[in-house]
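**Student:** One file is attached below, model16.cif, containing mmCIF, C-alpha atoms.
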```cif
data_coords
loop_
_atom_site.group_PDB
_atom_site.id
_atom_site.type_symbol
_atom_site.label_atom_id
_atom_site.label_comp_id
_atom_site.auth_asym_id
_atom_site.auth_seq_id
_atom_site.Cartn_x
_atom_site.Cartn_y
_atom_site.Cartn_z
ATOM 1 C CA MET A 827 -2.308 61.216 156.290
ATOM 2 C CA SER A 828 -5.078 59.972 153.981
ATOM 3 C CA ILE A 829 -8.781 60.393 154.692
ATOM 4 C CA ILE A 830 -9.075 56.610 155.036
ATOM 5 C CA GLU A 831 -6.280 56.522 157.611
ATOM 6 C CA GLN A 832 -8.021 59.304 159.566
ATOM 7 C CA ASN A 833 -11.275 57.365 159.383
ATOM 8 C CA LEU A 834 -9.623 54.168 160.605
ATOM 9 C CA GLN A 835 -8.119 55.993 163.549
ATOM 10 C CA ARG A 836 -11.531 57.431 164.396
ATOM 11 C CA VAL A 837 -13.188 53.993 164.234
ATOM 12 C CA HIS A 838 -10.495 52.497 166.462
ATOM 13 C CA ARG A 839 -11.144 55.275 168.987
ATOM 14 C CA GLN A 840 -14.862 54.526 168.852
ATOM 15 C CA ILE A 841 -14.177 50.831 169.441
ATOM 16 C CA ARG A 842 -11.980 51.648 172.438
ATOM 17 C CA THR A 843 -14.630 53.972 173.891
ATOM 18 C CA ALA A 844 -17.465 51.476 173.384
ATOM 19 C CA ALA A 845 -15.409 48.675 174.927
ATOM 20 C CA GLN A 846 -14.363 50.740 177.924
ATOM 21 C CA ASP A 847 -17.949 51.870 178.499
ATOM 22 C CA CYS A 848 -19.016 48.261 179.049
ATOM 23 C CA GLY A 849 -15.855 47.061 180.808
ATOM 24 C CA ARG A 850 -14.374 45.122 177.894
ATOM 25 C CA ASP A 851 -10.819 44.971 176.582
ATOM 26 C CA PRO A 852 -10.733 46.668 173.139
ATOM 27 C CA ARG A 853 -8.131 44.128 172.056
ATOM 28 C CA GLN A 854 -10.887 41.501 172.106
ATOM 29 C CA ILE A 855 -12.577 43.204 169.157
ATOM 30 C CA THR A 856 -11.427 42.792 165.554
ATOM 31 C CA LEU A 857 -12.138 45.520 163.017
ATOM 32 C CA LEU A 858 -13.193 44.127 159.641
ATOM 33 C CA ALA A 859 -13.024 46.791 156.916
ATOM 34 C CA VAL A 860 -15.911 46.205 154.515
ATOM 35 C CA SER A 861 -14.427 47.047 151.138
ATOM 36 C CA LYS A 862 -17.297 46.001 148.840
ATOM 37 C CA THR A 863 -17.683 48.258 145.783
ATOM 38 C CA LYS A 864 -14.506 50.124 146.738
ATOM 39 C CA PRO A 865 -11.509 50.316 144.378
ATOM 40 C CA VAL A 866 -8.175 48.689 145.147
ATOM 41 C CA THR A 867 -6.702 52.161 145.700
ATOM 42 C CA ALA A 868 -8.979 52.589 148.731
ATOM 43 C CA ILE A 869 -7.931 49.185 150.076
ATOM 44 C CA GLU A 870 -4.285 50.111 149.511
ATOM 45 C CA ALA A 871 -4.778 53.251 151.613
ATOM 46 C CA ALA A 872 -6.285 51.135 154.397
ATOM 47 C CA ILE A 873 -3.380 48.679 154.184
ATOM 48 C CA GLU A 874 -0.907 51.550 154.474
ATOM 49 C CA ALA A 875 -2.756 52.590 157.635
ATOM 50 C CA GLY A 876 -2.276 49.123 159.114
ATOM 51 C CA GLN A 877 -5.580 47.397 158.263
ATOM 52 C CA ARG A 878 -5.247 43.700 157.370
ATOM 53 C CA ALA A 879 -8.770 42.198 157.442
ATOM 54 C CA PHE A 880 -11.203 43.021 154.623
ATOM 55 C CA GLY A 881 -14.785 41.956 153.947
ATOM 56 C CA GLU A 882 -16.378 41.494 150.537
ATOM 57 C CA ASN A 883 -20.074 40.933 149.715
ATOM 58 C CA TYR A 884 -19.858 39.963 146.062
ATOM 59 C CA VAL A 885 -17.999 36.826 145.044
ATOM 60 C CA GLN A 886 -16.523 37.878 141.696
ATOM 61 C CA GLU A 887 -15.519 41.336 142.894
ATOM 62 C CA GLY A 888 -13.862 39.846 145.961
ATOM 63 C CA VAL A 889 -12.000 37.193 143.994
ATOM 64 C CA GLU A 890 -10.647 39.843 141.614
ATOM 65 C CA LYS A 891 -9.364 41.956 144.507
ATOM 66 C CA ILE A 892 -7.793 38.947 146.216
ATOM 67 C CA GLY A 893 -6.020 38.075 142.957
ATOM 68 C CA TRP A 894 -4.832 41.667 142.545
ATOM 69 C CA PHE A 895 -3.236 41.792 145.986
ATOM 70 C CA ARG A 896 -1.887 38.238 145.807
ATOM 71 C CA GLU A 897 0.586 39.448 143.190
ATOM 72 C CA ARG A 898 1.752 42.463 145.198
ATOM 73 C CA PRO A 899 4.014 42.809 148.255
ATOM 74 C CA GLU A 900 1.404 44.774 150.195
ATOM 75 C CA GLY A 901 -0.960 41.815 149.858
ATOM 76 C CA ALA A 902 1.095 39.618 152.185
ATOM 77 C CA GLY A 903 -0.730 38.806 155.394
ATOM 78 C CA LEU A 904 -4.141 40.085 154.322
ATOM 79 C CA ILE A 905 -7.189 38.175 155.572
ATOM 80 C CA TRP A 906 -10.230 38.067 153.312
ATOM 81 C CA HIS A 907 -13.745 37.536 154.673
ATOM 82 C CA PHE A 908 -16.759 36.734 152.512
ATOM 83 C CA ILE A 909 -19.739 38.409 154.192
ATOM 84 C CA GLY A 910 -22.474 38.410 151.540
ATOM 85 C CA PRO A 911 -25.242 35.939 150.709
ATOM 86 C CA LEU A 912 -23.720 32.904 149.022
ATOM 87 C CA GLN A 913 -25.380 30.988 146.205
ATOM 88 C CA SER A 914 -24.389 27.345 145.892
ATOM 89 C CA ASN A 915 -23.119 27.816 142.336
ATOM 90 C CA LYS A 916 -20.537 30.336 143.607
ATOM 91 C CA SER A 917 -19.349 28.370 146.611
ATOM 92 C CA ARG A 918 -16.224 27.074 144.860
ATOM 93 C CA SER A 919 -14.862 30.592 144.360
ATOM 94 C CA VAL A 920 -15.315 31.342 148.064
ATOM 95 C CA ALA A 921 -13.824 28.004 149.129
ATOM 96 C CA GLU A 922 -10.782 28.484 146.920
ATOM 97 C CA ASN A 923 -10.036 32.161 147.574
ATOM 98 C CA PHE A 924 -11.322 33.443 150.903
ATOM 99 C CA ASP A 925 -10.061 32.828 154.443
ATOM 100 C CA TRP A 926 -13.470 33.234 156.104
ATOM 101 C CA CYS A 927 -17.125 32.803 155.191
ATOM 102 C CA HIS A 928 -19.604 34.571 157.495
ATOM 103 C CA THR A 929 -22.812 33.472 155.800
ATOM 104 C CA LEU A 930 -23.141 29.720 156.205
ATOM 105 C CA ASP A 931 -26.852 29.008 156.554
ATOM 106 C CA ARG A 932 -27.625 25.534 155.200
ATOM 107 C CA PRO A 933 -26.172 22.009 155.264
ATOM 108 C CA GLN A 934 -25.761 21.769 151.487
ATOM 109 C CA LEU A 935 -23.561 24.857 151.485
ATOM 110 C CA ALA A 936 -21.388 23.466 154.298
ATOM 111 C CA ARG A 937 -20.811 20.261 152.351
ATOM 112 C CA ARG A 938 -19.962 22.135 149.163
ATOM 113 C CA LEU A 939 -17.504 24.491 150.880
ATOM 114 C CA ASN A 940 -15.848 21.539 152.580
ATOM 115 C CA ASP A 941 -15.510 19.517 149.381
ATOM 116 C CA GLN A 942 -14.265 22.515 147.393
ATOM 117 C CA ARG A 943 -11.698 23.843 149.892
ATOM 118 C CA PRO A 944 -8.201 23.116 148.492
ATOM 119 C CA VAL A 945 -6.293 20.605 150.597
ATOM 120 C CA GLU A 946 -3.150 22.749 150.509
ATOM 121 C CA ARG A 947 -4.943 25.605 152.280
ATOM 122 C CA LEU A 948 -5.874 25.847 155.934
ATOM 123 C CA PRO A 949 -9.505 24.943 156.672
ATOM 124 C CA LEU A 950 -11.997 27.656 155.780
ATOM 125 C CA ASN A 951 -13.120 29.595 158.860
ATOM 126 C CA VAL A 952 -16.922 29.673 158.900
ATOM 127 C CA LEU A 953 -19.579 31.536 160.849
ATOM 128 C CA ILE A 954 -23.188 30.380 160.979
ATOM 129 C CA GLN A 955 -25.519 33.212 160.007
ATOM 130 C CA ILE A 956 -28.524 33.586 162.303
ATOM 131 C CA ASN A 957 -31.702 35.271 161.072
ATOM 132 C CA ILE A 958 -32.350 36.796 164.485
ATOM 133 C CA SER A 959 -35.137 39.158 163.373
ATOM 134 C CA GLY A 960 -37.041 36.464 161.476
ATOM 135 C CA GLU A 961 -37.080 38.521 158.278
ATOM 136 C CA ALA A 962 -38.306 36.619 155.229
ATOM 137 C CA THR A 963 -35.957 38.613 152.994
ATOM 138 C CA LYS A 964 -32.843 37.950 155.090
ATOM 139 C CA ALA A 965 -30.491 34.999 154.798
ATOM 140 C CA GLY A 966 -29.614 32.978 157.854
ATOM 141 C CA ILE A 967 -31.044 30.070 159.807
ATOM 142 C CA ALA A 968 -33.591 30.111 162.604
ATOM 143 C CA PRO A 969 -31.967 30.037 166.053
ATOM 144 C CA GLU A 970 -33.342 26.572 166.818
ATOM 145 C CA GLU A 971 -31.425 25.151 163.827
ATOM 146 C CA MET A 972 -28.044 26.433 165.012
ATOM 147 C CA LEU A 973 -26.742 23.398 166.903
ATOM 148 C CA THR A 974 -27.715 20.957 164.157
ATOM 149 C CA LEU A 975 -25.809 22.918 161.518
ATOM 150 C CA ALA A 976 -22.881 23.436 163.895
ATOM 151 C CA ALA A 977 -22.618 19.678 164.458
ATOM 152 C CA LEU A 978 -22.449 19.137 160.693
ATOM 153 C CA VAL A 979 -19.718 21.753 160.294
ATOM 154 C CA THR A 980 -17.550 20.072 162.925
ATOM 155 C CA GLU A 981 -17.708 16.869 160.866
ATOM 156 C CA CYS A 982 -16.266 18.686 157.828
ATOM 157 C CA PRO A 983 -12.432 18.459 157.924
ATOM 158 C CA ARG A 984 -11.888 21.356 155.506
ATOM 159 C CA LEU A 985 -14.036 23.747 157.578
ATOM 160 C CA ARG A 986 -13.405 25.302 160.988
ATOM 161 C CA LEU A 987 -16.389 26.459 162.985
ATOM 162 C CA ARG A 988 -15.565 29.854 164.498
ATOM 163 C CA GLY A 989 -18.911 31.235 165.656
ATOM 164 C CA LEU A 990 -21.970 33.236 164.614
ATOM 165 C CA MET A 991 -22.892 36.211 162.466
ATOM 166 C CA ALA A 992 -26.126 38.186 162.340
ATOM 167 C CA ILE A 993 -27.540 41.249 160.574
ATOM 168 C CA PRO A 994 -30.597 42.347 162.584
ATOM 169 C CA ALA A 995 -33.313 44.523 161.106
ATOM 170 C CA PRO A 996 -32.232 48.203 161.150
ATOM 171 C CA GLU A 997 -32.994 49.938 164.444
ATOM 172 C CA SER A 998 -31.966 53.452 165.475
ATOM 173 C CA ASP A 999 -32.513 53.209 169.247
ATOM 174 C CA PHE A 1000 -29.496 51.964 171.237
ATOM 175 C CA GLN A 1001 -31.529 49.981 173.773
ATOM 176 C CA ARG A 1002 -33.522 48.190 171.091
ATOM 177 C CA GLN A 1003 -30.307 47.455 169.178
ATOM 178 C CA LEU A 1004 -28.790 46.094 172.373
ATOM 179 C CA ALA A 1005 -31.789 43.873 173.128
ATOM 180 C CA VAL A 1006 -31.568 42.133 169.740
ATOM 181 C CA PHE A 1007 -27.793 41.775 169.920
ATOM 182 C CA LYS A 1008 -28.059 40.217 173.365
ATOM 183 C CA ARG A 1009 -30.294 37.513 171.900
ATOM 184 C CA VAL A 1010 -27.546 36.673 169.419
ATOM 185 C CA SER A 1011 -24.946 36.783 172.183
ATOM 186 C CA ALA A 1012 -26.972 34.276 174.217
ATOM 187 C CA LEU A 1013 -27.004 31.921 171.221
ATOM 188 C CA TYR A 1014 -23.249 32.393 170.873
ATOM 189 C CA GLU A 1015 -22.717 31.432 174.509
ATOM 190 C CA ALA A 1016 -24.912 28.365 174.022
ATOM 191 C CA LEU A 1017 -22.823 27.399 170.993
ATOM 192 C CA GLN A 1018 -19.610 27.823 172.997
ATOM 193 C CA ARG A 1019 -20.884 25.467 175.673
ATOM 194 C CA VAL A 1020 -21.206 22.709 173.078
ATOM 195 C CA HIS A 1021 -18.215 23.713 170.937
ATOM 196 C CA PRO A 1022 -15.575 25.327 173.216
ATOM 197 C CA GLY A 1023 -13.322 26.244 170.282
ATOM 198 C CA VAL A 1024 -15.824 28.813 169.023
ATOM 199 C CA ASP A 1025 -14.367 32.314 169.451
ATOM 200 C CA THR A 1026 -15.998 34.775 167.034
ATOM 201 C CA LEU A 1027 -19.239 36.740 167.239
ATOM 202 C CA SER A 1028 -19.598 38.897 164.129
ATOM 203 C CA LEU A 1029 -22.044 41.642 165.072
ATOM 204 C CA GLY A 1030 -22.259 45.349 164.429
ATOM 205 C CA MET A 1031 -21.844 47.765 161.544
ATOM 206 C CA THR A 1032 -21.311 51.511 161.255
ATOM 207 C CA ASP A 1033 -24.727 52.487 162.649
ATOM 208 C CA ASP A 1034 -24.957 50.037 165.561
ATOM 209 C CA MET A 1035 -21.369 49.223 166.547
ATOM 210 C CA PRO A 1036 -21.525 50.486 170.183
ATOM 211 C CA ALA A 1037 -24.564 48.307 170.960
ATOM 212 C CA ALA A 1038 -22.933 45.292 169.317
ATOM 213 C CA ILE A 1039 -19.791 45.738 171.409
ATOM 214 C CA ALA A 1040 -21.871 46.138 174.571
ATOM 215 C CA ALA A 1041 -23.573 42.836 173.732
ATOM 216 C CA GLY A 1042 -20.261 41.003 173.319
ATOM 217 C CA SER A 1043 -19.322 41.256 169.631
ATOM 218 C CA THR A 1044 -15.749 40.177 168.896
ATOM 219 C CA LEU A 1045 -15.748 41.372 165.276
ATOM 220 C CA VAL A 1046 -17.381 44.502 163.841
ATOM 221 C CA ARG A 1047 -17.972 44.946 160.105
ATOM 222 C CA ILE A 1048 -17.385 48.602 159.230
ATOM 223 C CA GLY A 1049 -17.563 50.030 155.723
ATOM 224 C CA THR A 1050 -19.119 53.486 155.497
ATOM 225 C CA ALA A 1051 -17.227 54.939 158.467
ATOM 226 C CA ILE A 1052 -13.923 53.883 156.868
ATOM 227 C CA PHE A 1053 -14.419 54.244 153.120
ATOM 228 C CA GLY A 1054 -17.343 56.652 152.928
ATOM 229 C CA ALA A 1055 -20.812 56.099 151.478
ATOM 230 C CA ARG A 1056 -21.233 53.561 148.700
ATOM 231 C CA GLU A 1057 -20.511 55.065 145.309
#
```
Would you put the structure from the file into structure tokens?
**Tutor:**
Amino acid sequence: MSIIEQNLQRVHRQIRTAAQDCGRDPRQITLLAVSKTKPVTAIEAAIEAGQRAFGENYVQEGVEKIGWFRERPEGAGLIWHFIGPLQSNKSRSVAENFDWCHTLDRPQLARRLNDQRPVERLPLNVLIQINISGEATKAGIAPEEMLTLAALVTECPRLRLRGLMAIPAPESDFQRQLAVFKRVSALYEALQRVHPGVDTLSLGMTDDMPAAIAAGSTLVRIGTAIFGARE
């Protein structure tokens, strides 16, 4: 058994424990393996261990990996998520290659992704990124802009609105993590009331996953705990 397979098993146990601690079904939570900066050999080890969903932060690196696995049998059924900040001049590569984009944060980007999504592919799954901590250096929209952007997305036939994503400011205390995540969860519930098809809340990384699950996250983005520290 590879180190990566051992790590994946450990993360799945942690997800089960966190879910059970707050009375949730662990099957409601998707594990996204964040494979940015990691070689294809590491992704192959994760695939052999049963992982199918991978997240990439950098457009060109992600596109190269997607192309690599597209030509190989083990690449069948993989789901690729773009989870990094997206510049408008790189939107076409995301629209053409990825299955999900977690970082939609402005109307212009929604229109570009919609226009650039190939008609032969299923609509691009998108999450609206919320800047929940109000950090000037972070991407994402202010909470009060959420419903306006969501309404625009639903008018784009090549996009499918799936929910919200947030990356709060780092916080080591569980209760403070939980308080911020609950604010995002409340926004998610408000979005669901207007758009009942919304089903994904992308919250939580290696250092704050239990709090994210307690707050209602349906998708956790885990890199370090699976692949080790960034090289």
**Student:** What is the atom CA of A:His928 to atom CA of A:Gly876 distance in Å?
**Tutor:**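 Going from atom CA of A:His928 over to atom CA of A:Gly876 covers 22.7 Å.
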**Student:** Closest to A:Met991 among A:Leu857, A:Ala902, A:Leu975, A:Val1046, using only C-alpha atoms?
**Tutor:**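 Distance minimum relative to A:Met991 lands on A:Val1046.
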**Student:** Exactly which residues make up the result of the PyMOL selection byres ((chain A and resi 1021-1032) around 7) on this file, given as a list in words?
**Tutor:** Leu987, Arg988, Gly989, Leu990, Met991, Ala992, Tyr1014, Leu1017, Gln1018, Arg1019, Val1020, Asp1033, Asp1034, Met1035, Ala1038, Ser1043, Thr1044, Leu1045, Val1046, Arg1047, Ile1048, Gly1049, Thr1050 and Ala1051 of chain A
**Student:** Using all atoms listed in the file, which residues sit within 9 Å of A:Asn923 once same-chain residues fewer than 5 positions away are excluded, as a PyMOL selection string?
**Tutor:** chain A and resi 888-889+892-893+906+918+943
**Student:** So, counting only C-alpha atoms, which residue among A:Leu930, A:Ile873, A:Leu935, A:Ala962 is closest to A:Asn915?
**Tutor:** A:Leu935
**Student:** If I put a ball of radius 12 Å at (-33.0, 45.1, 161.7) in the file's coordinates, which residues poke into it when counting only C-alpha atoms, written as a count of residues only?
**Tutor:** 27
**Student:** With all atoms listed in the file as the counted atoms, please give the residues lying no more than 8 Å from stretch 852-854 of chain A, apart from itself and same-chain residues fewer than 4 positions off, as number ranges by chain.
**Tutor:** A: 841-842, 845-846, 1044
**Student:** With all atoms listed in the file as the counted atoms, please give the residues lying no more than 8 Å from A:Asn940, apart from itself and same-chain residues fewer than 2 positions off, as an MDAnalysis selection string.
**Tutor:** chainID A and resid 921 936:938 942:943 950 982:985
**Student:** Smallest atom-to-atom distance to A:Phe908: which of A:Glu971, A:Glu887, A:Glu882, A:Glu946, using all atoms listed in the file?
**Tutor:** A:Glu882
**Student:** State, in Å with one decimal place, the distance from atom CA of A:Ile954 to atom CA of A:Gly966.
**Tutor:**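 Distance between the two atoms: 7.6 Å.
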**Student:** One decimal, Å: what's the distance from atom CA of A:Asp851 over to atom CA of A:Pro1036, could you say?
**Tutor:** 13.6 Å
**Student:** Have a look at A:Phe1053, A:Thr980, A:Ala1037, A:Val866 and name the one nearest to A:Ala844; count all atoms listed in the file.
**Tutor:**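 Counting all atoms listed in the file, the residue closest to A:Ala844 is A:Ala1037.
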